[in-house]
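> Here it is, the structure in full.
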Amino acid sequence: MRELTYGQGIKEGMRIKMLENPDVFIFGEDVGLFGGCFGVTAGLFEEFGEKRVRDTPISEGAIIGAAVGAAAVGLRPIPELMFVDFATVGMDQLVNQAAKMRYMFGGKLKLPMVVRLPSGGGVAAAAQHSQSLEAWFTHVPGLKVVYPSNAQDAIGLMLTAIDDDNPVIYLENKTLYAVAGQVEDEVKPIPLGKANIKREGSDVTIITYGKQVYDSLKAAEILEKDGIDVEVIDLRSLYPLDTEAIFESVKKTHKVVIVSEEAKRGSYAGELAAIIADECFYECDAPIKRVCALNTPIPFSGNLEAYVLPNADDVVQAIKSLF
Amino acid sequence: MKISNETIIEMYEKMVKIRKFENRALNLFAEGQFGGFVHLYIGEEAVATGVCEGLREDDFITSTHRGHGHIIAKGGDLKYMMAELYGKDTGYCKGKGGSMHIADATKGILGANGIVGAGHNIATGAALGIQYKGTDQVCACFFGDASTNQSTFHEGLNLASTWKLPVVFVCENNGYGISVSQARHQNITDISQRAVSYNIPGITVDGNDVFAVYEAVSEAVARARKGQGPTLIECKTYRWRGHFEGDPTVYRPEGELEQWKKKDPIPRLEKYMLENQVMTQDEIDKLNAKIDALVEEAVDFAQASKFPDVSSAVEDVYTDIVEEGRSR
Ligand SMILES: Cc1ncc(C[n+]2csc(CCOP(=O)(O)OP(=O)(O)O)c2C)c(N)n1
Ligand SMILES: [Mg+2]
């Protein structure tokens with residue numbers, strides 16, 4: 001075992017595949033000498049050179065679109081956008097092109113590409129640099145969506161995402177980049193659609209991913225003192241989704257709380273609640289609860305932002321309301 | 001073009017105000033007084049100043065992530081700006097926006113913007129509104145060199161030129177988009193060349209010469225007011241600080257900053273004023289002291305202000321709906 005930060009994990013995943021396969025390459029704004037807006041690609045430019053770690057103009061449409069075209073002719077591009085918020089600028093290329101080309105063309109084309117999108121709030125970056133837009137991507141048939149919560153998973157999911165022959169949206173939480181974690185010496189690829197039970201428990205299930213895994217584990221610790229035994233599931237992959245792990249847990253605990261940083265209305269958390277209601281309604285003995293951000297843009301001022309975003313106490317409160 | 005002494009002094013005052021505000025913001029940020037992304041305008045003061053001096057109070061501007069200079073030049077109040085950097089209740093945006101999103105509708109400031117390239121089409125739309133209502137206002141659109149690689153730049157110029165809308169497109173070419181130099185992000189050196197594609201006037205001026213900027217803008221504004229459509233003005237300049245506060249600027253070639261510092265627009269104007277008896281040294285010193293006091297007043301105001309009440313977080317999403325809050 002060794003210690004790596006989340007950001008280093010993302011980089012290691014890319015680096016392993018770049019060493020292995022010359023068709024894997026990175027491009028995006030300031031990913032070269034500058035090392036990326038959050039330093040994730042630092043050192044890769046020096047190691048692999050400008051051909052494989054390219055700075056692009058500020059043109060998100062071109063970044064995603066060029067990845068689609070390059071993937072269509074057999075490469076495995078890893079485009080990076082600085083913030084998930086800027087996916088809006090490249091959305092046509094992602095939603096109408098990347099996600100649909102294979103289907104429209106009757107399965108005649110493969111588009112292996114991994115789009116890296118730093119997400120989430122908590123860094124005083126205000127409304128246009130702090131969003132959690134995972135529901136937009138999971139809503140679009142043709143895209144796979146992953147969201148690691150720690151360095152080990154960041155590597156394992158990256159290895160699989162790069163080898164996947166479909167467009168994969170790789171969401172990253174920007175407050176986690178510097179968070180260190182234990183990592184196996186040789187990390188194995190993590191199959192997409194395989195959740196991780198972070199904590200076993202018998203009284204209530206928390207389904208979550210990304211930064212909220214930490215808030216949820218903290219809530220579980222607090223609740224333990226009150227005699228509530230919490231299970232925490234880190235989805236890791238939002239689509240494909242590990243419904244088996246979710247249903248198993250619900251059948252055991254009969255209570256579910258879903259935690260995400262999204263604005264609640266129209267969230268992926270809502271989709272999870274719907275899936276559970278569809279399939280496991282009679283297993284639940286309490287309402288399915290969602291703990292999310294408020295239905296507002298993310299404000300700048302620290303106290304407002306903290307109020308809008310969900311935290312461990314909100315999770316505790318939601319769980320207590322079920323007992 | 002004859003520029004009156006009154007106008008020259010006004011421009012000098014604006015440039016110094018921007019410089020001093022930014023220098024103070026820089027120190028406060030370094031002290032950890034506030035956080036977030038702060039993009040400073042130091043070195044580029046002549047652009048915002050020359051442009052806004054050529055506008056009327058009822059004209060509009062759209063700004064960028066590097067917006068402090070534009071807002072000060074268009075008449076923004078330092079107190080409300082500083083309070084917004086602090087995220088205070090009394091700030092321009094009640095603490096919701098921060099440095100990157102300052103707006104003042106009463107001054108025609110349609111907002112700083114965190115999305116590179118977002119202003120091109122918004123300015124075009126504001127100009128559409130002007131044309132529709134039949135007034136003779138204009139909208140000046142500020143944007144950086146690197147933003148001209150967004151499709152919005154081309155869409156905005158195309159629409160504005162086709163519909164002859166009263167926009168003045170002002171490109172602040174400071175040679176970089178974060179770490180990427182202009183030569184590495186586009187295949188041209190003069191962005192004004194792009195005007196050819198839209199059959200509108202395109203001109204490149206020394207962006208550190210406030211007179212040159214003012215003259216070019218005045219001409220463009222006159223055209224726009226007469227219904228003759230948009231102009232593209234490229235102002236060559238340089239940012240002295242990193243892209244944002246905290247940027248180590250590893251990408252800057254040695255000596256480049258020093259070269260540009262020699263072209264500092266402020267001493268340049270001071271020299272002109274002294275040589276042409278526009279102001280005496282004593283008057284210049286007094287004006288500087290007055291601005292120092294204004295900046296300090298802004299800092300005091302910001303520090304004395306309260307943080308917004310959390311209940312305000314769910315207001316302003318809509319005009320009529322207040323979203324649900326939290327029980328904490
Ligand atoms: C759509 C979008 N892409 C990327 C960014 C990140 N970003 C912020 S400022 C900037 C560079 C802008 O360069 P330029 O337009 O030349 O303005 P300057 O910063 O030089 O004033 C970048 C890439 C952003 N805010 N929005
Ligand atoms: Mg620039």
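Residue names in the structure tokens use chain letters A, B, ... in the order shown, residue numbers from 1 in each chain, and ligand numbers from 1 in the order shown.
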I'd like the contact shell of stretch 174-191 of chain A - 8 Å cut-off, only C-alpha atoms, skipping same-chain residues fewer than 3 positions apart - returned as a list of chain:residue names.

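Listed by chain and then number, they are A:Met1, A:Arg2, A:Glu3, A:Leu4, A:Thr5, A:Tyr6, A:Gly7, A:Gln8, A:Phe38, A:Pro118, A:Ser119, A:Gly120, A:Gly121, A:Gly122, A:Val123, A:Ser149, A:Asn150, A:Ala151, A:Gln152, A:Asp153, A:Ile155, A:Gly156, A:Leu157, A:Met158, A:Leu159, A:Thr160, A:Lys194, A:Lys211.
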
> Return the neighbours of chain A among the residues of chain B, cut-off 6 Å, counting only C-alpha atoms, as a PyMOL selection string.

chain B and resi 36+87+95-98+149-150+185+310+313

> Using only C-alpha atoms and all ligand atoms, can you tell me which of B:Ser4, B:Thr124, B:Asn173, B:Gln277 comes closest to ligand 1?

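Counting only C-alpha atoms and all ligand atoms, the residue closest to ligand 1 is B:Asn173.
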
> Need the shell around B:Gly207: protein/DNA/RNA residues with any atom at most 6 Å away, counting only C-alpha atoms. Skip same-chain ones fewer than 3 positions apart. Format as a list in words?

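That gives Val47, Cys235, Lys236 and Thr237 of chain B.
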
> Write out as JSON lines the residues of chain B that have any atom within 9 Å of an atom of ligand 1, one row each with the nearest atom pair and its distance in Å to one decimal, counting only C-alpha atoms and all ligand atoms, sorted by chain and then rising number.


{"residue": "B:His39", "atom": "CA", "partner": "ligand 1", "partner_atom_place_in_ligand_line": "19 (O)", "distance": 7.4}
{"residue": "B:Leu40", "atom": "CA", "partner": "ligand 1", "partner_atom_place_in_ligand_line": "21 (O)", "distance": 8.6}
{"residue": "B:Tyr41", "atom": "CA", "partner": "ligand 1", "partner_atom_place_in_ligand_line": "21 (O)", "distance": 7.9}
{"residue": "B:Thr64", "atom": "CA", "partner": "ligand 1", "partner_atom_place_in_ligand_line": "21 (O)", "distance": 7.5}
{"residue": "B:His65", "atom": "CA", "partner": "ligand 1", "partner_atom_place_in_ligand_line": "9 (S)", "distance": 6.3}
{"residue": "B:Arg66", "atom": "CA", "partner": "ligand 1", "partner_atom_place_in_ligand_line": "21 (O)", "distance": 5.6}
{"residue": "B:Gly67", "atom": "CA", "partner": "ligand 1", "partner_atom_place_in_ligand_line": "21 (O)", "distance": 8.7}
{"residue": "B:Asn113", "atom": "CA", "partner": "ligand 1", "partner_atom_place_in_ligand_line": "25 (N)", "distance": 8.0}
{"residue": "B:Gly114", "atom": "CA", "partner": "ligand 1", "partner_atom_place_in_ligand_line": "25 (N)", "distance": 4.9}
{"residue": "B:Ile115", "atom": "CA", "partner": "ligand 1", "partner_atom_place_in_ligand_line": "26 (N)", "distance": 3.7}
{"residue": "B:Val116", "atom": "CA", "partner": "ligand 1", "partner_atom_place_in_ligand_line": "26 (N)", "distance": 3.9}
{"residue": "B:Gly117", "atom": "CA", "partner": "ligand 1", "partner_atom_place_in_ligand_line": "1 (C)", "distance": 6.5}
{"residue": "B:Ala118", "atom": "CA", "partner": "ligand 1", "partner_atom_place_in_ligand_line": "1 (C)", "distance": 7.5}
{"residue": "B:Phe143", "atom": "CA", "partner": "ligand 1", "partner_atom_place_in_ligand_line": "15 (O)", "distance": 5.9}
{"residue": "B:Gly144", "atom": "CA", "partner": "ligand 1", "partner_atom_place_in_ligand_line": "15 (O)", "distance": 3.3}
{"residue": "B:Asp145", "atom": "CA", "partner": "ligand 1", "partner_atom_place_in_ligand_line": "16 (O)", "distance": 4.0}
{"residue": "B:Ala146", "atom": "CA", "partner": "ligand 1", "partner_atom_place_in_ligand_line": "16 (O)", "distance": 3.7}
{"residue": "B:Ser147", "atom": "CA", "partner": "ligand 1", "partner_atom_place_in_ligand_line": "15 (O)", "distance": 4.0}
{"residue": "B:Thr148", "atom": "CA", "partner": "ligand 1", "partner_atom_place_in_ligand_line": "15 (O)", "distance": 7.1}
{"residue": "B:Asn149", "atom": "CA", "partner": "ligand 1", "partner_atom_place_in_ligand_line": "15 (O)", "distance": 8.7}
{"residue": "B:Gln150", "atom": "CA", "partner": "ligand 1", "partner_atom_place_in_ligand_line": "1 (C)", "distance": 8.0}
{"residue": "B:Cys171", "atom": "CA", "partner": "ligand 1", "partner_atom_place_in_ligand_line": "15 (O)", "distance": 8.7}
{"residue": "B:Glu172", "atom": "CA", "partner": "ligand 1", "partner_atom_place_in_ligand_line": "21 (O)", "distance": 6.9}
{"residue": "B:Asn173", "atom": "CA", "partner": "ligand 1", "partner_atom_place_in_ligand_line": "16 (O)", "distance": 6.5}
{"residue": "B:Asn174", "atom": "CA", "partner": "ligand 1", "partner_atom_place_in_ligand_line": "20 (O)", "distance": 5.6}
{"residue": "B:Gly175", "atom": "CA", "partner": "ligand 1", "partner_atom_place_in_ligand_line": "20 (O)", "distance": 6.9}
{"residue": "B:Tyr176", "atom": "CA", "partner": "ligand 1", "partner_atom_place_in_ligand_line": "20 (O)", "distance": 5.1}
{"residue": "B:Gly177", "atom": "CA", "partner": "ligand 1", "partner_atom_place_in_ligand_line": "13 (O)", "distance": 3.4}
{"residue": "B:Ile178", "atom": "CA", "partner": "ligand 1", "partner_atom_place_in_ligand_line": "11 (C)", "distance": 4.7}
{"residue": "B:Ser179", "atom": "CA", "partner": "ligand 1", "partner_atom_place_in_ligand_line": "11 (C)", "distance": 8.2}
{"residue": "B:Val180", "atom": "CA", "partner": "ligand 1", "partner_atom_place_in_ligand_line": "11 (C)", "distance": 8.6}
{"residue": "B:Ser181", "atom": "CA", "partner": "ligand 1", "partner_atom_place_in_ligand_line": "16 (O)", "distance": 8.9}
{"residue": "B:Gln182", "atom": "CA", "partner": "ligand 1", "partner_atom_place_in_ligand_line": "16 (O)", "distance": 8.2}
{"residue": "B:Tyr238", "atom": "CA", "partner": "ligand 1", "partner_atom_place_in_ligand_line": "20 (O)", "distance": 8.3}
{"residue": "B:Arg239", "atom": "CA", "partner": "ligand 1", "partner_atom_place_in_ligand_line": "20 (O)", "distance": 7.4}
{"residue": "B:His243", "atom": "CA", "partner": "ligand 1", "partner_atom_place_in_ligand_line": "19 (O)", "distance": 5.9}
{"residue": "B:Phe244", "atom": "CA", "partner": "ligand 1", "partner_atom_place_in_ligand_line": "19 (O)", "distance": 8.1}

> Would you write out those residues with N, CA, C and O atoms, as a short mmCIF file (atom, residue, chain, number, x, y, z; two decimals), in the first residue's frame?


data_model
loop_
_atom_site.label_atom_id
_atom_site.label_comp_id
_atom_site.auth_asym_id
_atom_site.auth_seq_id
_atom_site.Cartn_x
_atom_site.Cartn_y
_atom_site.Cartn_z
N HIS B 39 -9.34 37.81 -10.39
CA HIS B 39 -8.55 38.10 -11.60
C HIS B 39 -8.34 39.60 -11.66
O HIS B 39 -9.30 40.35 -11.79
N LEU B 40 -7.09 40.02 -11.57
CA LEU B 40 -6.81 41.46 -11.47
C LEU B 40 -6.50 42.10 -12.83
O LEU B 40 -6.03 41.43 -13.75
N TYR B 41 -6.74 43.40 -12.87
CA TYR B 41 -6.70 44.15 -14.12
C TYR B 41 -5.45 45.02 -14.23
O TYR B 41 -5.32 45.81 -15.16
N THR B 64 -16.17 40.74 -18.08
CA THR B 64 -15.62 39.38 -18.08
C THR B 64 -15.27 38.96 -16.65
O THR B 64 -15.57 39.67 -15.71
N HIS B 65 -14.58 37.81 -16.55
CA HIS B 65 -14.06 37.37 -15.26
C HIS B 65 -13.06 38.40 -14.70
O HIS B 65 -12.84 38.45 -13.52
N ARG B 66 -12.41 39.17 -15.59
CA ARG B 66 -11.43 40.17 -15.15
C ARG B 66 -12.12 41.54 -15.18
O ARG B 66 -11.76 42.43 -15.92
N GLY B 67 -13.13 41.69 -14.34
CA GLY B 67 -14.08 42.78 -14.53
C GLY B 67 -13.90 44.03 -13.69
O GLY B 67 -14.52 45.05 -13.98
N ASN B 113 -18.55 38.18 -15.81
CA ASN B 113 -19.03 36.88 -16.25
C ASN B 113 -17.97 35.82 -16.07
O ASN B 113 -16.83 36.00 -16.47
N GLY B 114 -18.36 34.71 -15.50
CA GLY B 114 -17.41 33.63 -15.27
C GLY B 114 -17.26 32.69 -16.45
O GLY B 114 -16.42 31.80 -16.42
N ILE B 115 -18.06 32.89 -17.46
CA ILE B 115 -17.99 32.02 -18.63
C ILE B 115 -17.30 32.76 -19.77
O ILE B 115 -17.82 33.76 -20.27
N VAL B 116 -16.14 32.26 -20.15
CA VAL B 116 -15.37 32.94 -21.19
C VAL B 116 -16.13 32.89 -22.52
O VAL B 116 -16.46 31.81 -23.01
N GLY B 117 -16.41 34.06 -23.03
CA GLY B 117 -17.13 34.14 -24.32
C GLY B 117 -18.61 34.40 -24.18
O GLY B 117 -19.30 34.60 -25.18
N ALA B 118 -19.10 34.43 -22.96
CA ALA B 118 -20.56 34.58 -22.78
C ALA B 118 -21.03 35.98 -23.14
O ALA B 118 -22.19 36.17 -23.50
N PHE B 143 -13.93 41.71 -23.92
CA PHE B 143 -13.58 40.27 -23.93
C PHE B 143 -12.09 40.11 -24.16
O PHE B 143 -11.45 41.00 -24.72
N GLY B 144 -11.55 38.98 -23.75
CA GLY B 144 -10.12 38.73 -23.88
C GLY B 144 -9.77 38.11 -25.22
O GLY B 144 -10.64 37.62 -25.95
N ASP B 145 -8.47 38.11 -25.52
CA ASP B 145 -7.99 37.50 -26.77
C ASP B 145 -8.42 36.05 -26.88
O ASP B 145 -8.88 35.59 -27.93
N ALA B 146 -8.28 35.32 -25.78
CA ALA B 146 -8.54 33.88 -25.85
C ALA B 146 -10.02 33.57 -26.03
O ALA B 146 -10.39 32.50 -26.52
N SER B 147 -10.87 34.51 -25.65
CA SER B 147 -12.31 34.28 -25.81
C SER B 147 -12.74 34.33 -27.26
O SER B 147 -13.83 33.90 -27.61
N THR B 148 -11.86 34.87 -28.12
CA THR B 148 -12.25 34.97 -29.54
C THR B 148 -12.16 33.61 -30.23
O THR B 148 -12.41 33.50 -31.42
N ASN B 149 -11.80 32.57 -29.47
CA ASN B 149 -11.81 31.22 -30.03
C ASN B 149 -13.08 30.46 -29.66
O ASN B 149 -13.23 29.30 -30.01
N GLN B 150 -13.95 31.13 -28.95
CA GLN B 150 -15.25 30.52 -28.68
C GLN B 150 -16.18 30.81 -29.86
O GLN B 150 -16.08 31.89 -30.48
N CYS B 171 -11.74 44.00 -27.77
CA CYS B 171 -10.90 42.86 -27.41
C CYS B 171 -9.71 43.35 -26.60
O CYS B 171 -8.93 44.18 -27.06
N GLU B 172 -9.56 42.81 -25.41
CA GLU B 172 -8.38 43.13 -24.59
C GLU B 172 -7.36 42.05 -24.87
O GLU B 172 -7.41 40.97 -24.27
N ASN B 173 -6.47 42.33 -25.80
CA ASN B 173 -5.47 41.32 -26.14
C ASN B 173 -4.27 41.47 -25.22
O ASN B 173 -3.36 42.25 -25.49
N ASN B 174 -4.28 40.68 -24.14
CA ASN B 174 -3.15 40.72 -23.21
C ASN B 174 -2.18 39.56 -23.47
O ASN B 174 -1.34 39.22 -22.65
N GLY B 175 -2.36 38.93 -24.61
CA GLY B 175 -1.36 37.95 -25.05
C GLY B 175 -1.51 36.55 -24.50
O GLY B 175 -0.80 35.63 -24.93
N TYR B 176 -2.45 36.36 -23.58
CA TYR B 176 -2.59 35.04 -22.97
C TYR B 176 -4.04 34.70 -22.65
O TYR B 176 -4.84 35.60 -22.31
N GLY B 177 -4.37 33.43 -22.72
CA GLY B 177 -5.52 32.86 -22.06
C GLY B 177 -4.93 31.94 -20.99
O GLY B 177 -4.32 30.92 -21.30
N ILE B 178 -4.98 32.35 -19.77
CA ILE B 178 -4.27 31.70 -18.66
C ILE B 178 -2.80 31.48 -19.05
O ILE B 178 -2.07 32.46 -19.20
N SER B 179 -2.40 30.23 -19.29
CA SER B 179 -0.98 29.96 -19.56
C SER B 179 -0.66 29.90 -21.05
O SER B 179 0.49 29.75 -21.43
N VAL B 180 -1.70 29.97 -21.87
CA VAL B 180 -1.49 29.71 -23.29
C VAL B 180 -1.34 31.04 -24.04
O VAL B 180 -2.27 31.85 -24.07
N SER B 181 -0.17 31.23 -24.62
CA SER B 181 0.09 32.50 -25.31
C SER B 181 -0.73 32.57 -26.59
O SER B 181 -1.15 31.55 -27.13
N GLN B 182 -0.91 33.78 -27.06
CA GLN B 182 -1.75 33.96 -28.24
C GLN B 182 -1.26 33.11 -29.41
O GLN B 182 -2.05 32.49 -30.13
N TYR B 238 -1.26 44.05 -21.59
CA TYR B 238 -0.59 42.96 -20.87
C TYR B 238 -1.06 42.95 -19.43
O TYR B 238 -1.24 44.00 -18.82
N ARG B 239 -1.29 41.75 -18.91
CA ARG B 239 -1.65 41.71 -17.48
C ARG B 239 -0.39 41.47 -16.66
O ARG B 239 0.40 40.60 -16.97
N HIS B 243 -2.78 34.93 -13.95
CA HIS B 243 -4.14 34.90 -14.47
C HIS B 243 -5.14 35.16 -13.35
O HIS B 243 -6.04 35.97 -13.45
N PHE B 244 -4.99 34.41 -12.25
CA PHE B 244 -5.74 34.70 -11.03
C PHE B 244 -4.72 34.82 -9.91
O PHE B 244 -3.56 34.43 -10.08
#

> Tell me, which residues of stretch 12-123 of chain A carry DSSP strand (DSSP E), written as JSON, numbers by chain?

{"A": [24, 25, 26, 27, 28, 53, 54, 55, 76, 77, 78, 79, 80, 113, 114, 115, 116, 117, 118, 119]}

> List the neighbours of A:Val250 out to 8 Å using only C-alpha atoms; skip same-chain residues closer than 4 positions along the sequence, and give me the result as a PyMOL selection string.

chain A and resi 204-205+246+254-256+280+283-284

> In Å, how far is it from atom CA of A:Ser132 to atom CA of A:Glu261?

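Interatomic distance, atom CA of A:Ser132 to atom CA of A:Glu261: 6.3 Å.
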
> Please report the interatomic distance between atom CA of B:Phe60 and atom CA of B:Ile72 in Å with one decimal.

13.6 Å

> If we count only C-alpha atoms, what is near B:Ile61 at a cut-off of 8 Å, once residues fewer than 6 positions away on the same chain are taken out, given as a PyMOL selection string?

chain B and resi 108-111+123+139-142

> What would the file look like if the residues just selected were written as a PDB file, in the first residue's frame with C-alpha atoms?


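File produced: again.pdb:
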ATOM      1  CA  GLY B 108     -25.592  49.919 -17.442  1.00  0.00           C
ATOM      2  CA  ILE B 109     -23.181  47.253 -16.207  1.00  0.00           C
ATOM      3  CA  LEU B 110     -24.688  43.986 -17.404  1.00  0.00           C
ATOM      4  CA  GLY B 111     -22.328  41.989 -15.307  1.00  0.00           C
ATOM      5  CA  ALA B 123     -23.897  42.436 -25.733  1.00  0.00           C
ATOM      6  CA  CYS B 139     -23.335  48.477 -25.759  1.00  0.00           C
ATOM      7  CA  ALA B 140     -19.595  47.969 -25.352  1.00  0.00           C
ATOM      8  CA  CYS B 141     -18.559  44.345 -25.083  1.00  0.00           C
ATOM      9  CA  PHE B 142     -15.282  43.612 -23.284  1.00  0.00           C
TER      10      PHE B 142
END

> Run DSSP on the backbone and tell me which residues of stretch 157-263 of chain B come out as helix (DSSP H, G or I); list them as a PyMOL selection string.

chain B and resi 157-162+182-185+191-198+210-225+256-261

> Nearest to ligand 2: which of B:Lys226, B:Arg241, B:Lys88, B:Lys263 is it, counting only C-alpha atoms and all ligand atoms?

B:Arg241

> Suppose you want the space between atom CA of B:Thr49 and atom CA of B:Val278; what is it in Å?

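These atoms are spaced 17.8 Å apart.
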
> Excluding A:Glu271 and residues on its chain fewer than 6 positions from it, collect all residues at most 12 Å away from it, counting only C-alpha atoms, and give them as a PyMOL selection string.

chain A and resi 134-136+138-139+207+238-239+241+258+260+264-265+277-278+288+290

> Please dump the current selection as a tab-separated table (two decimals), in the first residue's frame; keep N, CA, C and O atoms.


chain	number	residue	atom	x	y	z
A	134	GLU	N	-24.51	16.00	-12.63
A	134	GLU	CA	-24.50	14.59	-13.05
A	134	GLU	C	-25.81	14.12	-13.68
A	134	GLU	O	-25.81	13.29	-14.58
A	135	ALA	N	-26.93	14.72	-13.24
A	135	ALA	CA	-28.22	14.27	-13.78
A	135	ALA	C	-28.33	14.55	-15.28
A	135	ALA	O	-28.99	13.82	-16.01
A	136	TRP	N	-27.68	15.61	-15.72
A	136	TRP	CA	-27.72	15.91	-17.16
A	136	TRP	C	-27.10	14.77	-17.96
A	136	TRP	O	-27.57	14.44	-19.04
A	138	THR	N	-26.41	11.52	-16.85
A	138	THR	CA	-27.05	10.20	-16.67
A	138	THR	C	-28.36	10.16	-17.44
A	138	THR	O	-28.84	9.09	-17.78
A	139	HIS	N	-28.92	11.32	-17.72
A	139	HIS	CA	-30.19	11.37	-18.45
A	139	HIS	C	-30.04	11.01	-19.92
A	139	HIS	O	-31.02	10.66	-20.58
A	207	ILE	N	-27.19	5.91	0.17
A	207	ILE	CA	-26.64	5.73	-1.17
A	207	ILE	C	-26.04	7.06	-1.59
A	207	ILE	O	-26.72	8.10	-1.55
A	238	LEU	N	-22.34	5.87	-11.85
A	238	LEU	CA	-23.74	6.29	-11.81
A	238	LEU	C	-24.54	5.64	-12.94
A	238	LEU	O	-25.70	5.35	-12.80
A	239	TYR	N	-23.88	5.42	-14.06
A	239	TYR	CA	-24.42	4.57	-15.10
A	239	TYR	C	-23.27	3.90	-15.83
A	239	TYR	O	-22.42	4.61	-16.33
A	241	LEU	N	-25.41	1.31	-13.34
A	241	LEU	CA	-25.69	1.41	-11.92
A	241	LEU	C	-25.76	0.02	-11.29
A	241	LEU	O	-26.36	-0.88	-11.86
A	258	ILE	N	-30.69	9.07	0.29
A	258	ILE	CA	-29.79	9.31	-0.85
A	258	ILE	C	-29.14	10.67	-0.66
A	258	ILE	O	-29.82	11.65	-0.35
A	260	SER	N	-26.60	13.58	-2.28
A	260	SER	CA	-25.79	14.13	-3.38
A	260	SER	C	-25.72	15.64	-3.25
A	260	SER	O	-26.49	16.24	-2.51
A	264	LYS	N	-31.71	19.75	-5.68
A	264	LYS	CA	-32.56	18.56	-5.52
A	264	LYS	C	-33.51	18.32	-6.69
A	264	LYS	O	-33.72	17.19	-7.12
A	265	ARG	N	-34.08	19.39	-7.20
A	265	ARG	CA	-35.09	19.24	-8.25
A	265	ARG	C	-34.49	18.64	-9.52
A	265	ARG	O	-33.52	19.16	-10.06
A	277	ALA	N	-38.15	3.01	-5.50
A	277	ALA	CA	-39.61	2.94	-5.34
A	277	ALA	C	-40.22	1.94	-6.32
A	277	ALA	O	-41.12	1.18	-5.98
A	278	ASP	N	-39.70	1.93	-7.56
A	278	ASP	CA	-40.20	0.99	-8.56
A	278	ASP	C	-39.99	-0.46	-8.16
A	278	ASP	O	-40.86	-1.31	-8.32
A	288	ILE	N	-38.48	7.31	1.26
A	288	ILE	CA	-37.12	7.40	0.72
A	288	ILE	C	-36.73	8.87	0.75
A	288	ILE	O	-37.43	9.71	0.19
A	290	ARG	N	-34.11	12.21	0.31
A	290	ARG	CA	-32.95	12.75	-0.42
A	290	ARG	C	-32.36	13.93	0.37
A	290	ARG	O	-33.10	14.81	0.80

> Using only C-alpha atoms, find the one residue out of B:Asp316, B:Glu296, B:Glu323, B:Glu10 that sits nearest to B:Lys79.

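Of all the options, B:Glu296 lies closest to B:Lys79.
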
> Might you pull out every residue within 10 Å of stretch 193-198 of chain B, with only C-alpha atoms counted and same-chain residues fewer than 5 positions away left off, and present them as a count of residues only?

16

> Using only C-alpha atoms, which of B:Glu254, B:Asp104, B:Glu53, B:Asp264 sits nearest B:Gly76?

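For B:Gly76, the nearest of the given residues is B:Asp104.
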